[in-house]
file start35.pdb (PDB, C-alpha atoms)
ATOM      1  CA  MET A  17     -12.634  -3.272 -70.712
ATOM      2  CA  THR A  18     -10.946  -5.103 -67.832
ATOM      3  CA  GLU A  19     -12.448  -8.447 -66.911
ATOM      4  CA  ILE A  20     -12.855  -9.319 -63.222
ATOM      5  CA  SER A  21     -12.017 -12.924 -62.489
ATOM      6  CA  PRO A  22     -14.441 -15.016 -60.393
ATOM      7  CA  LEU A  23     -11.764 -15.211 -57.661
ATOM      8  CA  GLY A  24     -11.361 -11.432 -57.612
ATOM      9  CA  ALA A  25     -15.103 -10.921 -57.465
ATOM     10  CA  ARG A  26     -15.394 -13.364 -54.562
ATOM     11  CA  ARG A  27     -12.635 -11.520 -52.689
ATOM     12  CA  ARG A  28     -14.437  -8.234 -53.197
ATOM     13  CA  ARG A  29     -17.622  -9.764 -51.771
ATOM     14  CA  ILE A  30     -15.809 -11.347 -48.796
ATOM     15  CA  LEU A  31     -13.755  -8.260 -47.828
ATOM     16  CA  PRO A  32     -16.725  -6.139 -46.629
ATOM     17  CA  LYS A  33     -17.969  -9.092 -44.563
ATOM     18  CA  VAL A  34     -14.561  -9.471 -42.940
ATOM     19  CA  LEU A  35     -14.363  -5.757 -42.184
ATOM     20  CA  ILE A  36     -17.853  -5.841 -40.691
ATOM     21  CA  ALA A  37     -16.923  -8.841 -38.532
ATOM     22  CA  VAL A  38     -13.752  -7.094 -37.333
ATOM     23  CA  ALA A  39     -15.684  -3.900 -36.596
ATOM     24  CA  VAL A  40     -18.301  -5.852 -34.632
ATOM     25  CA  ALA A  41     -15.552  -7.659 -32.651
ATOM     26  CA  VAL A  42     -13.779  -4.388 -31.872
ATOM     27  CA  ALA A  43     -17.040  -2.740 -30.830
ATOM     28  CA  ALA A  44     -17.909  -5.696 -28.612
ATOM     29  CA  ALA A  45     -14.462  -5.561 -27.005
ATOM     30  CA  LEU A  46     -14.826  -1.821 -26.368
ATOM     31  CA  VAL A  47     -18.260  -2.288 -24.835
ATOM     32  CA  ALA A  48     -17.032  -5.159 -22.675
ATOM     33  CA  GLY A  49     -14.001  -3.096 -21.612
ATOM     34  CA  THR A  50     -16.185  -0.112 -20.757
ATOM     35  CA  ILE A  51     -18.559  -2.258 -18.705
ATOM     36  CA  TYR A  52     -15.604  -3.884 -16.920
ATOM     37  CA  ALA A  53     -14.055  -0.483 -16.130
ATOM     38  CA  PHE A  54     -17.424   0.808 -14.896
ATOM     39  CA  GLN A  55     -17.881  -2.227 -12.622
ATOM     40  CA  VAL A  56     -14.368  -1.813 -11.196
ATOM     41  CA  ASP A  57     -14.961   1.908 -10.631
ATOM     42  CA  ARG A  58     -18.329   1.273  -8.966
ATOM     43  CA  SER A  59     -16.901  -1.461  -6.755
ATOM     44  CA  ILE A  60     -14.502   1.131  -5.304
ATOM     45  CA  THR A  61     -16.769   4.161  -5.046
ATOM     46  CA  GLN A  62     -19.686   2.247  -3.508
ATOM     47  CA  ASN A  63     -17.611   0.466  -0.872
ATOM     48  CA  ILE A  64     -14.893   2.846   0.294
ATOM     49  CA  THR A  65     -15.461   4.876   3.479
ATOM     50  CA  ARG A  66     -14.370   8.491   3.905
ATOM     51  CA  GLN A  67     -13.665  10.298   7.141
ATOM     52  CA  ASP A  68     -13.289  14.010   7.836
ATOM     53  CA  ASP A  69     -10.608  15.552  10.024
ATOM     54  CA  THR A  70      -7.885  13.009   9.265
ATOM     55  CA  LEU A  71      -5.356  15.327   7.606
ATOM     56  CA  PRO A  72      -3.685  18.284   9.344
ATOM     57  CA  ASP A  73      -4.395  21.829   8.215
ATOM     58  CA  ASP A  74      -1.854  23.453   5.927
ATOM     59  CA  SER A  75      -1.191  26.093   8.596
ATOM     60  CA  PRO A  76      -1.785  24.199  11.835
ATOM     61  CA  THR A  77      -2.073  25.853  15.196
ATOM     62  CA  GLY A  78      -1.286  24.377  18.571
ATOM     63  CA  LEU A  79       0.743  21.267  19.410
ATOM     64  CA  GLY A  80       3.892  23.152  18.469
ATOM     65  CA  GLN A  81       3.385  22.283  14.817
ATOM     66  CA  SER A  82       5.034  24.059  11.915
ATOM     67  CA  PRO A  83       3.381  24.612   8.517
ATOM     68  CA  ARG A  84       3.188  21.394   6.537
ATOM     69  CA  PRO A  85       6.006  20.705   4.067
ATOM     70  CA  THR A  86       5.410  21.282   0.374
ATOM     71  CA  LYS A  87       6.509  18.965  -2.413
ATOM     72  CA  ASP A  88       9.964  19.520  -3.855
ATOM     73  CA  PRO A  89       9.800  20.538  -7.551
ATOM     74  CA  ALA A  90      11.941  17.464  -8.322
ATOM     75  CA  ALA A  91       9.129  15.287  -6.946
ATOM     76  CA  THR A  92       6.196  16.823  -8.801
ATOM     77  CA  GLY A  93       3.690  14.078  -9.532
ATOM     78  CA  THR A  94       4.697  11.803  -6.668
ATOM     79  CA  LEU A  95       2.114  10.604  -4.183
ATOM     80  CA  ASN A  96       2.584   9.666  -0.532
ATOM     81  CA  TYR A  97      -0.093   7.638   1.250
ATOM     82  CA  VAL A  98      -0.023   6.926   4.975
ATOM     83  CA  LEU A  99      -1.435   3.488   5.804
ATOM     84  CA  LEU A 100      -2.500   2.835   9.397
ATOM     85  CA  GLY A 101      -3.488  -0.696  10.326
ATOM     86  CA  SER A 102      -4.831  -2.165  13.533
ATOM     87  CA  ASP A 103      -6.215  -5.477  14.712
ATOM     88  CA  SER A 104      -8.432  -5.173  17.774
ATOM     89  CA  ARG A 105      -8.316  -8.954  18.345
ATOM     90  CA  ASP A 106      -4.516  -9.014  18.512
ATOM     91  CA  PRO A 107      -3.612  -9.701  22.161
ATOM     92  CA  ASN A 108      -0.238  -8.026  21.552
ATOM     93  CA  ASN A 109      -1.826  -4.765  20.472
ATOM     94  CA  GLU A 110      -1.361  -1.959  22.973
ATOM     95  CA  GLY A 111      -4.996  -0.884  22.777
ATOM     96  CA  ALA A 112      -7.508   0.647  20.435
ATOM     97  CA  GLY A 113      -5.861   4.038  20.833
ATOM     98  CA  ARG A 114      -2.633   2.979  19.165
ATOM     99  CA  SER A 115      -1.871   1.984  15.604
ATOM    100  CA  ASP A 116      -0.626  -1.571  15.191
ATOM    101  CA  SER A 117       1.168  -0.866  11.907
ATOM    102  CA  ILE A 118       2.322   2.364  10.279
ATOM    103  CA  MET A 119       3.374   2.393   6.643
ATOM    104  CA  LEU A 120       4.135   4.941   3.963
ATOM    105  CA  VAL A 121       3.382   4.081   0.344
ATOM    106  CA  HIS A 122       5.301   6.243  -2.122
ATOM    107  CA  LEU A 123       4.318   6.302  -5.813
ATOM    108  CA  ASN A 124       7.034   7.793  -7.988
ATOM    109  CA  ALA A 125       6.280  10.496 -10.542
ATOM    110  CA  LYS A 126       6.450   8.058 -13.459
ATOM    111  CA  ARG A 127       3.945   5.848 -11.622
ATOM    112  CA  ASP A 128       5.964   2.767 -12.537
ATOM    113  CA  MET A 129       7.253   2.003  -9.003
ATOM    114  CA  ALA A 130       5.673   1.799  -5.561
ATOM    115  CA  TYR A 131       7.615   1.725  -2.305
ATOM    116  CA  ILE A 132       6.144   0.472   0.975
ATOM    117  CA  ILE A 133       8.077   1.759   3.993
ATOM    118  CA  SER A 134       7.071   0.494   7.428
ATOM    119  CA  PHE A 135       7.829   2.385  10.628
ATOM    120  CA  PRO A 136       8.306   0.096  13.662
ATOM    121  CA  ARG A 137       5.723   1.032  16.269
ATOM    122  CA  ASP A 138       8.402   1.395  18.974
ATOM    123  CA  MET A 139      10.477   3.789  16.836
ATOM    124  CA  TYR A 140      11.480   6.613  19.203
ATOM    125  CA  VAL A 141      10.739   9.901  17.444
ATOM    126  CA  GLN A 142       9.769  13.499  18.048
ATOM    127  CA  ILE A 143       5.980  13.843  18.233
ATOM    128  CA  PRO A 144       5.042  17.503  17.657
ATOM    129  CA  GLY A 145       3.643  18.981  20.838
ATOM    130  CA  TYR A 146       4.422  15.923  22.971
ATOM    131  CA  GLY A 147       8.190  15.471  22.839
ATOM    132  CA  ARG A 148       9.962  12.188  22.173
ATOM    133  CA  ASN A 149       7.935   9.012  22.340
ATOM    134  CA  LYS A 150       7.162   5.794  20.479
ATOM    135  CA  ILE A 151       5.760   6.654  17.071
ATOM    136  CA  ASN A 152       2.529   4.720  17.568
ATOM    137  CA  ALA A 153       1.743   6.888  20.612
ATOM    138  CA  ALA A 154       1.007   9.734  18.169
ATOM    139  CA  PHE A 155      -2.303   8.083  17.321
ATOM    140  CA  ALA A 156      -3.312   8.009  20.996
ATOM    141  CA  PHE A 157      -2.282  11.648  21.457
ATOM    142  CA  GLY A 158      -3.850  13.162  18.356
ATOM    143  CA  GLY A 159      -5.376  10.546  16.077
ATOM    144  CA  PRO A 160      -4.608  10.226  12.344
ATOM    145  CA  LYS A 161      -3.768  13.926  11.979
ATOM    146  CA  LEU A 162      -0.914  13.717  14.467
ATOM    147  CA  ILE A 163       0.419  10.520  12.861
ATOM    148  CA  VAL A 164       0.568  12.396   9.531
ATOM    149  CA  THR A 165       2.242  15.405  11.146
ATOM    150  CA  THR A 166       4.758  13.144  12.897
ATOM    151  CA  LEU A 167       5.654  11.379   9.634
ATOM    152  CA  GLU A 168       5.971  14.689   7.796
ATOM    153  CA  ASN A 169       8.233  15.937  10.576
ATOM    154  CA  LEU A 170      10.291  12.727  10.390
ATOM    155  CA  THR A 171      10.610  12.481   6.593
ATOM    156  CA  GLY A 172      10.527  16.158   5.617
ATOM    157  CA  ASP A 173       8.028  15.307   2.884
ATOM    158  CA  ARG A 174       4.321  15.970   2.472
ATOM    159  CA  MET A 175       1.810  13.177   3.003
ATOM    160  CA  ASP A 176      -0.936  13.471   0.395
ATOM    161  CA  HIS A 177      -3.546  11.107   1.800
ATOM    162  CA  ILE A 178      -4.201   8.702   4.634
ATOM    163  CA  ALA A 179      -5.949   5.332   4.720
ATOM    164  CA  LEU A 180      -6.963   3.420   7.835
ATOM    165  CA  ILE A 181      -6.938  -0.319   7.240
ATOM    166  CA  ASP A 182      -9.039  -2.923   8.941
ATOM    167  CA  PHE A 183      -5.969  -5.149   8.960
ATOM    168  CA  GLU A 184      -7.821  -8.317   9.878
ATOM    169  CA  GLY A 185     -10.293  -7.769   7.057
ATOM    170  CA  PHE A 186      -7.536  -6.771   4.644
ATOM    171  CA  ILE A 187      -5.665 -10.011   5.255
ATOM    172  CA  GLN A 188      -8.877 -11.886   4.448
ATOM    173  CA  LEU A 189      -8.326 -10.729   0.862
ATOM    174  CA  THR A 190      -5.921 -13.650   0.673
ATOM    175  CA  ASN A 191      -9.021 -15.861   0.561
ATOM    176  CA  ASP A 192     -10.379 -13.987  -2.472
ATOM    177  CA  LEU A 193      -7.045 -14.504  -4.211
ATOM    178  CA  GLY A 194      -6.822 -18.193  -3.366
ATOM    179  CA  GLY A 195      -3.810 -17.624  -1.116
ATOM    180  CA  VAL A 196      -0.579 -15.667  -1.549
ATOM    181  CA  THR A 197       3.025 -16.822  -1.476
ATOM    182  CA  VAL A 198       5.652 -15.161   0.729
ATOM    183  CA  TYR A 199       9.147 -16.033   1.889
ATOM    184  CA  ASN A 200       9.292 -16.890   5.596
ATOM    185  CA  LYS A 201      12.738 -16.393   7.170
ATOM    186  CA  THR A 202      12.054 -18.147  10.485
ATOM    187  CA  ASP A 203      10.404 -21.495  11.148
ATOM    188  CA  PHE A 204       7.655 -21.089  13.784
ATOM    189  CA  SER A 205       4.213 -22.288  14.813
ATOM    190  CA  ALA A 206       1.274 -20.221  16.056
ATOM    191  CA  HIS A 207      -2.328 -21.093  16.972
ATOM    192  CA  GLY A 208      -2.128 -24.544  15.424
ATOM    193  CA  TYR A 209      -0.467 -23.431  12.191
ATOM    194  CA  HIS A 210       3.097 -24.307  11.236
ATOM    195  CA  PHE A 211       5.076 -21.836   9.137
ATOM    196  CA  PRO A 212       8.255 -23.522   7.830
ATOM    197  CA  GLN A 213      11.222 -21.543   6.592
ATOM    198  CA  GLY A 214      11.117 -20.803   2.866
ATOM    199  CA  ASP A 215       8.329 -19.982   0.426
ATOM    200  CA  ILE A 216       4.908 -20.596   1.970
ATOM    201  CA  THR A 217       1.387 -20.055   0.641
ATOM    202  CA  ILE A 218      -1.030 -18.667   3.202
ATOM    203  CA  LYS A 219      -4.586 -17.389   3.330
ATOM    204  CA  GLY A 220      -7.361 -16.368   5.688
ATOM    205  CA  GLU A 221      -6.912 -16.994   9.396
ATOM    206  CA  GLN A 222      -3.578 -18.675   8.704
ATOM    207  CA  ALA A 223      -2.301 -15.477   7.071
ATOM    208  CA  LEU A 224      -3.625 -13.382   9.956
ATOM    209  CA  TYR A 225      -1.709 -15.393  12.538
ATOM    210  CA  PHE A 226       1.386 -15.189  10.344
ATOM    211  CA  VAL A 227       1.381 -11.364  10.399
ATOM    212  CA  ARG A 228       0.435 -11.147  14.090
ATOM    213  CA  GLU A 229       3.279 -13.225  15.500
ATOM    214  CA  ARG A 230       6.286 -11.486  17.020
ATOM    215  CA  HIS A 231       7.285 -13.374  20.201
ATOM    216  CA  GLN A 232       8.677 -16.401  18.352
ATOM    217  CA  LEU A 233      10.661 -14.312  15.897
ATOM    218  CA  PRO A 234      14.314 -13.462  16.612
ATOM    219  CA  ARG A 235      13.884  -9.733  15.936
ATOM    220  CA  GLY A 236      10.407  -9.429  17.437
ATOM    221  CA  ASP A 237       8.511  -6.434  16.045
ATOM    222  CA  PHE A 238      11.075  -5.917  13.278
ATOM    223  CA  ASP A 239      10.372  -9.386  11.867
ATOM    224  CA  ARG A 240       6.635  -8.984  12.347
ATOM    225  CA  ALA A 241       6.688  -5.680  10.443
ATOM    226  CA  GLU A 242       8.686  -7.369   7.673
ATOM    227  CA  ASN A 243       6.106 -10.166   7.471
ATOM    228  CA  GLN A 244       3.321  -7.569   7.273
ATOM    229  CA  ARG A 245       5.117  -5.741   4.460
ATOM    230  CA  ASN A 246       5.692  -8.971   2.565
ATOM    231  CA  VAL A 247       2.079 -10.106   2.846
ATOM    232  CA  ILE A 248       0.750  -6.713   1.691
ATOM    233  CA  LYS A 249       3.207  -6.837  -1.206
ATOM    234  CA  ALA A 250       2.097 -10.372  -2.065
ATOM    235  CA  ILE A 251      -1.570  -9.302  -2.024
ATOM    236  CA  ALA A 252      -0.791  -6.363  -4.330
ATOM    237  CA  GLN A 253       1.329  -8.527  -6.640
ATOM    238  CA  LYS A 254      -1.326 -11.169  -7.062
ATOM    239  CA  GLY A 255      -4.138  -8.619  -7.285
ATOM    240  CA  LEU A 256      -2.297  -6.854 -10.121
ATOM    241  CA  SER A 257      -1.253 -10.056 -11.876
ATOM    242  CA  ALA A 258      -2.442 -10.721 -15.427
ATOM    243  CA  GLY A 259      -4.327 -13.812 -14.299
ATOM    244  CA  VAL A 260      -6.444 -11.825 -11.831
ATOM    245  CA  ILE A 261      -6.924  -8.648 -13.878
ATOM    246  CA  SER A 262      -8.040 -10.685 -16.907
ATOM    247  CA  ASN A 263     -10.679 -12.456 -14.788
ATOM    248  CA  PRO A 264     -13.446  -9.886 -14.215
ATOM    249  CA  VAL A 265     -15.173 -11.847 -11.446
ATOM    250  CA  THR A 266     -11.993 -12.377  -9.418
ATOM    251  CA  PHE A 267     -10.622  -8.861  -9.956
ATOM    252  CA  ILE A 268     -13.888  -7.095  -9.091
ATOM    253  CA  LYS A 269     -14.191  -9.232  -5.955
ATOM    254  CA  PHE A 270     -10.617  -8.298  -5.032
ATOM    255  CA  VAL A 271     -11.101  -4.564  -5.640
ATOM    256  CA  THR A 272     -14.376  -4.603  -3.720
ATOM    257  CA  GLY A 273     -12.652  -6.334  -0.812
ATOM    258  CA  VAL A 274      -9.885  -3.725  -0.766
ATOM    259  CA  ALA A 275     -12.393  -0.856  -0.763
ATOM    260  CA  LYS A 276     -14.507  -2.397   2.009
ATOM    261  CA  HIS A 277     -11.578  -2.470   4.401
ATOM    262  CA  LEU A 278     -10.296   1.068   3.774
ATOM    263  CA  THR A 279     -11.289   4.340   5.386
ATOM    264  CA  VAL A 280      -9.655   7.276   3.604
ATOM    265  CA  ASP A 281      -9.494  11.020   4.133
ATOM    266  CA  SER A 282     -12.368  13.007   2.676
ATOM    267  CA  LYS A 283     -10.045  14.826   0.279
ATOM    268  CA  LEU A 284      -9.320  11.590  -1.604
ATOM    269  CA  THR A 285     -12.171  11.877  -4.093
ATOM    270  CA  ASP A 286     -13.519   9.259  -6.491
ATOM    271  CA  ALA A 287     -12.115  11.307  -9.371
ATOM    272  CA  GLU A 288      -8.608  11.323  -7.877
ATOM    273  CA  ILE A 289      -8.740   7.581  -7.212
ATOM    274  CA  ARG A 290      -9.836   7.031 -10.818
ATOM    275  CA  ASP A 291      -7.155   9.332 -12.262
ATOM    276  CA  THR A 292      -4.414   7.765 -10.143
ATOM    277  CA  ALA A 293      -5.482   4.244 -11.105
ATOM    278  CA  LEU A 294      -5.425   5.160 -14.805
ATOM    279  CA  SER A 295      -1.969   6.722 -14.435
ATOM    280  CA  LEU A 296      -0.357   3.622 -12.938
ATOM    281  CA  ARG A 297       2.299   1.933 -15.037
ATOM    282  CA  LEU A 298       3.355  -0.668 -12.513
ATOM    283  CA  THR A 299       2.895  -4.416 -12.266
ATOM    284  CA  GLY A 300       3.094  -6.655  -9.222
ATOM    285  CA  ASN A 301       6.861  -6.834  -9.700
ATOM    286  CA  ASP A 302       7.305  -3.084  -9.398
ATOM    287  CA  ILE A 303       6.741  -2.915  -5.637
ATOM    288  CA  GLU A 304       9.618  -2.518  -3.177
ATOM    289  CA  VAL A 305       9.229  -3.062   0.576
ATOM    290  CA  LEU A 306      11.603  -1.710   3.209
ATOM    291  CA  GLN A 307      11.827  -0.612   6.821
ATOM    292  CA  ALA A 308      12.426   2.918   8.058
ATOM    293  CA  PRO A 309      16.024   3.158   9.311
ATOM    294  CA  VAL A 310      16.744   2.098  12.884
ATOM    295  CA  SER A 311      20.174   1.411  14.364
ATOM    296  CA  GLY A 312      19.050  -0.921  17.144
ATOM    297  CA  THR A 313      17.034  -1.073  20.336
ATOM    298  CA  GLY A 314      17.330   0.713  23.656
ATOM    299  CA  THR A 315      15.547   1.646  26.867
ATOM    300  CA  THR A 316      14.207   5.002  28.002
ATOM    301  CA  GLU A 317      14.821   6.424  31.466
ATOM    302  CA  ASP A 318      11.417   5.148  32.588
ATOM    303  CA  GLY A 319      12.175   1.624  31.326
ATOM    304  CA  GLN A 320      10.352   1.542  27.977
ATOM    305  CA  SER A 321      11.834  -0.584  25.205
ATOM    306  CA  ILE A 322      12.391   1.524  22.091
ATOM    307  CA  ASP A 323      13.789   1.342  18.561
ATOM    308  CA  ILE A 324      16.514   3.906  17.960
ATOM    309  CA  VAL A 325      16.416   5.930  14.734
ATOM    310  CA  ASP A 326      19.482   5.652  12.487
ATOM    311  CA  GLN A 327      19.866   9.382  11.914
ATOM    312  CA  ALA A 328      22.457   9.111   9.125
ATOM    313  CA  LYS A 329      20.305   6.757   7.054
ATOM    314  CA  LEU A 330      17.219   8.808   7.854
ATOM    315  CA  ARG A 331      18.868  11.865   6.296
ATOM    316  CA  GLU A 332      19.490   9.827   3.135
ATOM    317  CA  LEU A 333      15.902   8.578   3.135
ATOM    318  CA  ARG A 334      14.577  12.135   3.511
ATOM    319  CA  ILE A 335      16.611  13.299   0.502
ATOM    320  CA  ALA A 336      15.528  10.294  -1.570
ATOM    321  CA  LEU A 337      11.857  10.921  -0.803
ATOM    322  CA  ARG A 338      12.083  14.650  -1.440
ATOM    323  CA  ASN A 339      13.860  14.158  -4.785
ATOM    324  CA  ASP A 340      11.880  11.107  -5.952
ATOM    325  CA  LYS A 341      15.061   8.998  -5.939
ATOM    326  CA  LEU A 342      14.011   6.115  -3.727
ATOM    327  CA  GLU A 343      15.358   3.634  -6.272
ATOM    328  CA  ASN A 344      18.887   4.799  -5.388
ATOM    329  CA  TYR A 345      18.213   4.454  -1.660
ATOM    330  CA  VAL A 346      16.828   0.928  -2.124
ATOM    331  CA  LYS A 347      19.863  -0.115  -4.166
ATOM    332  CA  LYS A 348      22.095   1.025  -1.323
ATOM    333  CA  TYR A 349      19.898  -0.288   1.491
ATOM    334  CA  PRO A 350      17.742  -3.146   0.104
ATOM    335  CA  GLN A 351      16.048  -3.785   3.460
ATOM    336  CA  GLY A 352      15.913  -0.120   4.451
TER
END

call {"tool": "encode", "arguments": {"input": "start35.pdb", "output": "C-alpha cells"}}
result
Amino acid sequence: MTEISPLGARRRRILPKVLIAVAVAVAAALVAGTIYAFQVDRSITQNITRQDDTLPDDSPTGLGQSPRPTKDPAATGTLNYVLLGSDSRDPNNEGAGRSDSIMLVHLNAKRDMAYIISFPRDMYVQIPGYGRNKINAAFAFGGPKLIVTTLENLTGDRMDHIALIDFEGFIQLTNDLGGVTVYNKTDFSAHGYHFPQGDITIKGEQALYFVRERHQLPRGDFDRAENQRNVIKAIAQKGLSAGVISNPVTFIKFVTGVAKHLTVDSKLTDAEIRDTALSLRLTGNDIEVLQAPVSGTGTTEDGQSIDIVDQAKLRELRIALRNDKLENYVKKYPQG
C-alpha cells in the first residue's frame, strides 16, 4: 500500500481550491466583459440617428445617372463610408446647403487598415445631371444621395454607407479624451488661441478653431482639410488606444459621444455596426490620412476659384480602391 505524505495530501486539498478560485476569476472576467460589451453596444444603438433616403437606388432614374458600381471581386469584404461634415457656425461655410467637409473612409478586407481620404470642397468634378461644378455643390443640388453618386462616379467604386457628422459636436469629443495631439505645420493664431508649429495638444473650442481656420494657412482649404483629417485621425487613435479601451467609463463616454453626433443611412443596421466592430483588427496606428488628388488651383469662366483634379493620379487611386490596394497608393503618394 502506497503511503501519501502529509505534503502530498496538503497539495491535493489545495489544488481543488486553486482551480475553484481560477474558475471564479475567469467567470467574473467573462461576466464583466459581457457587461462591458453590452454597455458599449447600447451606447451606440441608443444614441445613433438614422435617416431614410440618403443612399441612391441601385438603378437610379433621372439626373443622368448610371447604375451604381458593384464591388470588384478583388475587394470583397471592403467597406466604404462617406463622411459629410458641416459646421453651421463657421463664418467661412458657404451655407447650410453645402457640405463643409467630404471624406471617404475605406476599410480594407482584412480590417487591419483604415484610410481617410478627404475631397477638397472646391474640387471641380462632374456632378451627374448638373455638369461640372465644385464637389460640395452636389449636396445643394441633390443632398446626400447626389454626394454619394458623385463620389461613386469619381472613384469608380461603390459607397456602402453614409454618415453625416455634426462636426462641431464631433470635435468636442476631444474634451472626453482629455485632448488630442496633432502636428501643426504652420504657426498661426485664431480667436485668441495660438497654434505654434510642431506637435500641439488641443481640445474643445480650441480644437474647433484649429480645424476651421483656412485664411491664415498658406494653402488655404488644402491645409484646413489636412488639419481636419489629422484631428479626426487623432480622435480615432486615442479612442482606440489601450488606455481608453481598458477604461470602461472613458471608452463608453467616447463611444456615446461618437454616436450622438452621427446620422447614418437607414441601411446601416445595429447588427452590421456590431459585426463590423467585432471584425476590426486595427489599432490607432493603422489609420492613414490623405487627400484626393488635385494638380493645383484654377478659375472657371465665370470667375469661381476651383481645385483641379489630377486625372493621372485619380486613375491610380480608382484602381487602388477597386482592387483593395490602397497601401500601394499611399506608399507612392503619402499625402495623396

call {"tool": "residues_around", "arguments": {"input": "start35.pdb", "residues": "segment 203-209 of chain A", "least_positions_apart": "5", "cutoff": "12 Å", "atoms": "only C-alpha atoms", "output": "list in words"}}
result
Gly214, Asp215, Ile216, Ile218, Lys219, Gly220, Glu221, Gln222, Ala223, Leu224, Tyr225, Phe226, Val227, Arg228, Glu229, Arg230, His231, Gln232, Leu233 and Pro234 of chain A

call {"tool": "closest_residue", "arguments": {"input": "start35.pdb", "among": "A:Gly300, A:Gly158, A:Gly93, A:Gly273", "to": "Asp340 of chain A", "atoms": "all atoms listed in the file"}}
result
A:Gly93

call {"tool": "atom_distance", "arguments": {"input": "start35.pdb", "atom1": "atom CA of Arg331 of chain A", "atom2": "atom CA of Ser82 of chain A"}}
result
19.3 Å

call {"tool": "atom_distance", "arguments": {"input": "start35.pdb", "atom1": "atom CA of Val164 of chain A", "atom2": "atom CA of Thr70 of chain A"}}
result
8.5 Å

call {"tool": "axis_aligned_box", "arguments": {"input": "start35.pdb", "around": "segment 258-272 of chain A", "padding_each_side": "5 Å", "output": "lines of an AutoDock Vina configuration file"}}
result
center_x = -8.8
center_y = -9.2
center_z = -10.3
size_x = 22.7
size_y = 19.2
size_z = 23.2

call {"tool": "resolve_selection", "arguments": {"input": "start35.pdb", "expression": "the PyMOL selection byres ((chain A and resi 309-325) around 8)", "output": "PyMOL selection string"}}
result
chain A and resi 136+138-141+150+307-308+326-327+329-330+352

call {"tool": "residues_around", "arguments": {"input": "start35.pdb", "residues": "segment 118-127 of chain A", "least_positions_apart": "5", "cutoff": "8 Å", "atoms": "all atoms listed in the file", "output": "PDB file with C-alpha atoms, in the frame of the given file"}}
result
ATOM      1  CA  ALA A  91       9.129  15.287  -6.946  1.00  0.00           C
ATOM      2  CA  THR A  92       6.196  16.823  -8.801  1.00  0.00           C
ATOM      3  CA  GLY A  93       3.690  14.078  -9.532  1.00  0.00           C
ATOM      4  CA  THR A  94       4.697  11.803  -6.668  1.00  0.00           C
ATOM      5  CA  LEU A  95       2.114  10.604  -4.183  1.00  0.00           C
ATOM      6  CA  ASN A  96       2.584   9.666  -0.532  1.00  0.00           C
ATOM      7  CA  TYR A  97      -0.093   7.638   1.250  1.00  0.00           C
ATOM      8  CA  VAL A  98      -0.023   6.926   4.975  1.00  0.00           C
ATOM      9  CA  LEU A  99      -1.435   3.488   5.804  1.00  0.00           C
ATOM     10  CA  LEU A 100      -2.500   2.835   9.397  1.00  0.00           C
ATOM     11  CA  GLY A 101      -3.488  -0.696  10.326  1.00  0.00           C
ATOM     12  CA  ILE A 132       6.144   0.472   0.975  1.00  0.00           C
ATOM     13  CA  ILE A 133       8.077   1.759   3.993  1.00  0.00           C
ATOM     14  CA  SER A 134       7.071   0.494   7.428  1.00  0.00           C
ATOM     15  CA  PHE A 135       7.829   2.385  10.628  1.00  0.00           C
ATOM     16  CA  PRO A 136       8.306   0.096  13.662  1.00  0.00           C
ATOM     17  CA  ARG A 137       5.723   1.032  16.269  1.00  0.00           C
ATOM     18  CA  ASN A 152       2.529   4.720  17.568  1.00  0.00           C
ATOM     19  CA  SER A 295      -1.969   6.722 -14.435  1.00  0.00           C
ATOM     20  CA  LEU A 296      -0.357   3.622 -12.938  1.00  0.00           C
ATOM     21  CA  ARG A 297       2.299   1.933 -15.037  1.00  0.00           C
ATOM     22  CA  LEU A 298       3.355  -0.668 -12.513  1.00  0.00           C
ATOM     23  CA  ASP A 340      11.880  11.107  -5.952  1.00  0.00           C
TER      24      ASP A 340
END

call {"tool": "resolve_selection", "arguments": {"input": "start35.pdb", "expression": "the PyMOL selection byres ((chain A and resi 190) around 8)", "output": "PyMOL selection string"}}
result
chain A and resi 187-189+191-196+218-220+223+251

call {"tool": "atom_distance", "arguments": {"input": "start35.pdb", "atom1": "atom CA of Glu242 of chain A", "atom2": "atom CA of Pro350 of chain A"}}
result
12.5 Å

call {"tool": "residues_around", "arguments": {"input": "start35.pdb", "residues": "Thr165 of chain A", "least_positions_apart": "4", "cutoff": "9 Å", "atoms": "all atoms listed in the file", "output": "mmCIF file with C-alpha atoms, in the coordinates of the input"}}
result
data_model
loop_
_atom_site.group_PDB
_atom_site.id
_atom_site.type_symbol
_atom_site.label_atom_id
_atom_site.label_comp_id
_atom_site.auth_asym_id
_atom_site.auth_seq_id
_atom_site.Cartn_x
_atom_site.Cartn_y
_atom_site.Cartn_z
ATOM 1 C CA LEU A 71 -5.356 15.327 7.606
ATOM 2 C CA PRO A 72 -3.685 18.284 9.344
ATOM 3 C CA GLN A 81 3.385 22.283 14.817
ATOM 4 C CA ARG A 84 3.188 21.394 6.537
ATOM 5 C CA ILE A 143 5.980 13.843 18.233
ATOM 6 C CA PRO A 144 5.042 17.503 17.657
ATOM 7 C CA PRO A 160 -4.608 10.226 12.344
ATOM 8 C CA LYS A 161 -3.768 13.926 11.979
ATOM 9 C CA ASN A 169 8.233 15.937 10.576
ATOM 10 C CA LEU A 170 10.291 12.727 10.390
ATOM 11 C CA ARG A 174 4.321 15.970 2.472
ATOM 12 C CA MET A 175 1.810 13.177 3.003
#

call {"tool": "resolve_selection", "arguments": {"input": "start35.pdb", "expression": "the PyMOL selection byres ((chain A and resi 85) around 8)", "output": "compact mmCIF listing (two decimals) with C-alpha atoms, in the frame of the given file"}}
result
# COMPACT_ATOMS: atom_id res chain seq x y z
CA PRO A 83 3.38 24.61 8.52
CA ARG A 84 3.19 21.39 6.54
CA THR A 86 5.41 21.28 0.37
CA LYS A 87 6.51 18.96 -2.41
CA GLU A 168 5.97 14.69 7.80
CA GLY A 172 10.53 16.16 5.62
CA ASP A 173 8.03 15.31 2.88
CA ARG A 174 4.32 15.97 2.47

call {"tool": "residues_around", "arguments": {"input": "start35.pdb", "residues": "segment 341-346 of chain A", "least_positions_apart": "6", "cutoff": "8 Å", "atoms": "only C-alpha atoms", "output": "ChimeraX atom specification"}}
result
/A:131,306,332-333,335,352

call {"tool": "residues_near_point", "arguments": {"input": "start35.pdb", "point": "(-7.6, 5.5, -10.1)", "cutoff": "12 Å", "atoms": "only C-alpha atoms", "output": "list in words"}}
result
Ala53, Phe54, Val56, Asp57, Arg58, Ile60, Thr61, Arg127, Val271, Leu284, Thr285, Asp286, Ala287, Glu288, Ile289, Arg290, Asp291, Thr292, Ala293, Leu294, Ser295, Leu296 and Arg297 of chain A
